[in-house]
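Visitor: Got a structure here, written out as structure tokens. Questions coming.
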Amino acid sequence: MILDMGPMLRGEVDTLDVDYTIQPEPCAGVEFTAEAHVVGKVTDTGGYMRLVLEADMPYKTICARCLDDVIGTYTVCFERTVAEERSLTQEQIDENVDEYIIVRDGKLDIDEQLVEEMILSFPTKFLCDEDCPGLCPKCGKQLKHGACGCNTKEIDPRLAVLAKLLEESDD
Ligand SMILES: [Zn+2]
Ligand SMILES: [Zn+2]
């Protein structure tokens, strides 16, 4: 979205609302089930302009442990100080790319930096549940649906010797 900053730069308004949708960039292993809904505003506090947005990204992916579907909405927060191009040196802009968003010819192009933030902050892994026990390494069963009965206890070879001795002494 390109926001016309004219009214704010002329001091006519101190708030500009932002509300639109944008298609997230494709992301490996994730399906974005709808466009991201972007809501927020630009505020002007005595000449200090600040952009604060939230982008809700509905997604569908799979649990990194048990491969079940995970469906949800991830919210990206995006905040920048809004500055007119002429008020900053190129050096200031280059050194603070994560801090500023620049008004050029009275217009604020939000999308490029927002999309970048969406890509960077989107998690690389999702779990169906924080405590998802994953899959049985032997039979592949989803352990959240109950134990499969496989004996998966990995025994340290040194302990195995001890276990055998104890077993023998039990007899
Ligand atoms: Zn899971
Ligand atoms: Zn099993």
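Quick note on naming: the chains in the structure tokens go A, B, ... in the order shown, residues restart at 1 in each chain, and ligands are numbered from 1 in order of appearance.
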Would you list the contacts of region 65-68 of chain A as number ranges by chain, taking every protein, DNA or RNA residue within 8 Å and counting only C-alpha atoms, but skipping same-chain residues closer than 3 positions in sequence?

Guide: A: 62, 127-128, 132-135, 142

Visitor: Using only C-alpha atoms, what table do you get, as a tab-separated table, when you list each residue of region 58-135 of chain A with an atom no more than 10 Å from region 23-33 of chain A, its nearest pair of atoms, and their distance in Å rounded to one decimal, rows by chain then rising number?

Guide:
```
residue	atom	partner	partner_atom	distance
A:Pro58	CA	A:Thr33	CA	5.7
A:Tyr59	CA	A:Phe32	CA	4.4
A:Lys60	CA	A:Glu31	CA	5.1
A:Thr61	CA	A:Val30	CA	4.8
A:Ile62	CA	A:Gly29	CA	7.7
A:Val70	CA	A:Val30	CA	9.8
A:Ile71	CA	A:Thr33	CA	9.2
A:Gly72	CA	A:Thr33	CA	9.6
A:Thr73	CA	A:Phe32	CA	9.4
A:Leu114	CA	A:Pro24	CA	9.8
A:Val115	CA	A:Pro24	CA	6.8
A:Glu116	CA	A:Glu25	CA	8.9
A:Met118	CA	A:Pro24	CA	7.4
A:Ile119	CA	A:Glu25	CA	7.2
A:Phe122	CA	A:Cys27	CA	9.1
A:Thr124	CA	A:Ala28	CA	9.0
A:Lys125	CA	A:Gly29	CA	9.5
A:Phe126	CA	A:Val30	CA	10.0
```

Visitor: For those residues, write C-alpha atoms to a file as a compact mmCIF listing (two decimals), in the first residue's frame.

Guide:
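Generated file (out.txt):
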```
# COMPACT_ATOMS: atom_id res chain seq x y z
CA PRO A 58 -3.47 -17.07 8.30
CA TYR A 59 -1.38 -20.14 7.58
CA LYS A 60 -1.52 -23.89 7.27
CA THR A 61 1.55 -26.02 7.80
CA ILE A 62 2.60 -29.21 9.57
CA VAL A 70 -1.20 -26.96 12.11
CA ILE A 71 -3.62 -24.18 11.25
CA GLY A 72 -3.42 -20.75 12.79
CA THR A 73 -2.85 -17.04 12.37
CA LEU A 114 6.53 -4.90 5.67
CA VAL A 115 6.82 -7.95 3.42
CA GLU A 116 10.48 -8.26 4.38
CA MET A 118 6.84 -10.79 7.44
CA ILE A 119 9.41 -13.10 5.85
CA PHE A 122 7.62 -15.83 10.34
CA THR A 124 10.54 -21.65 10.58
CA LYS A 125 8.93 -24.34 12.72
CA PHE A 126 5.49 -24.88 14.17
```

Visitor: Could the residues that lie within 7 Å of ligand 2, counting only C-alpha atoms and all ligand atoms, be listed as a list of chain:residue names?

Guide: A:Cys136, A:Pro137, A:Lys138, A:Cys139, A:Gly140, A:Lys141, A:Cys148, A:Gly149, A:Cys150

Visitor: Enumerate, as a ChimeraX atom specification, the complete set of residues in region 3-168 of chain A that a backbone-based DSSP assignment places in helix (DSSP H, G or I).

Guide: /A:6-9,85-87,90-95,111-121,143-145,157-168

Visitor: Residues of the last selection are to be written out with C-alpha atoms, as a short mmCIF file (atom, residue, chain, number, x, y, z; two decimals), in the first residue's frame.

Guide:
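Written out: out03.cif:
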```cif
data_model
loop_
_atom_site.label_atom_id
_atom_site.label_comp_id
_atom_site.auth_asym_id
_atom_site.auth_seq_id
_atom_site.Cartn_x
_atom_site.Cartn_y
_atom_site.Cartn_z
CA GLY A 6 0.21 14.89 2.32
CA PRO A 7 -2.43 15.67 4.96
CA MET A 8 -0.07 14.76 7.79
CA LEU A 9 2.92 16.59 6.33
CA GLU A 85 13.77 11.67 2.77
CA ARG A 86 15.21 15.20 2.96
CA SER A 87 15.32 15.14 6.80
CA GLN A 90 21.69 8.70 3.02
CA GLU A 91 24.10 7.43 5.65
CA GLN A 92 21.47 7.70 8.37
CA ILE A 93 19.01 5.85 6.17
CA ASP A 94 21.50 3.11 5.27
CA GLU A 95 22.61 2.58 8.85
CA ASP A 111 4.78 -2.95 1.40
CA GLU A 112 8.43 -3.56 0.63
CA GLN A 113 9.63 -3.28 4.22
CA LEU A 114 6.53 -4.90 5.67
CA VAL A 115 6.82 -7.95 3.42
CA GLU A 116 10.48 -8.26 4.38
CA GLU A 117 9.53 -8.18 8.06
CA MET A 118 6.84 -10.79 7.44
CA ILE A 119 9.41 -13.10 5.85
CA LEU A 120 12.02 -12.54 8.56
CA SER A 121 9.74 -12.92 11.55
CA LEU A 143 2.53 -40.62 20.38
CA LYS A 144 0.00 -37.93 21.34
CA HIS A 145 -2.70 -40.48 20.52
CA PRO A 157 25.99 -49.58 26.34
CA ARG A 158 27.88 -49.21 29.63
CA LEU A 159 24.62 -49.24 31.57
CA ALA A 160 23.47 -52.20 29.52
CA VAL A 161 26.32 -54.25 30.96
CA LEU A 162 25.28 -53.20 34.43
CA ALA A 163 21.62 -53.98 33.72
CA LYS A 164 22.62 -57.45 32.56
CA LEU A 165 24.64 -58.06 35.73
CA LEU A 166 21.71 -56.93 37.89
CA GLU A 167 19.36 -59.14 35.90
CA GLU A 168 21.67 -62.10 36.48
#
```

Visitor: Using only C-alpha atoms and all ligand atoms for the distances, tell me which of A:Gly11, A:Ala83, A:Pro123, A:Asp69 is nearest to ligand 1.

Guide: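 Closest residue, counting only C-alpha atoms and all ligand atoms: A:Asp69.
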
Visitor: List every residue of region 11-153 of chain A that DSSP, applied to the backbone of this structure, places in strand (DSSP E), and write the result as a VMD selection string.

Guide: chain A and resid 15 to 22 31 to 32 36 to 45 48 to 62 69 to 84 100 to 104 107 to 109

Visitor: For CA of Asp17 (chain A) and CA of Val52 (chain A), quote the distance in Å rounded to one decimal.

Guide: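 Value for the CA of Asp17 (chain A)-CA of Val52 (chain A) distance: 10.0 Å.
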
Visitor: What's the 8 Å shell around Arg80 (chain A), counting only C-alpha atoms, without same-chain residues fewer than 6 positions away, as JSON, numbers by chain?

Guide: {"A": [50, 51, 52, 98, 99, 100, 101]}

Visitor: Would you mind reading off the distance between CA of Ala64 (chain A) and CA of Val38 (chain A), one decimal, in Å?

Guide: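 Spanning CA of Ala64 (chain A) to CA of Val38 (chain A) is a straight-line distance of 27.5 Å.
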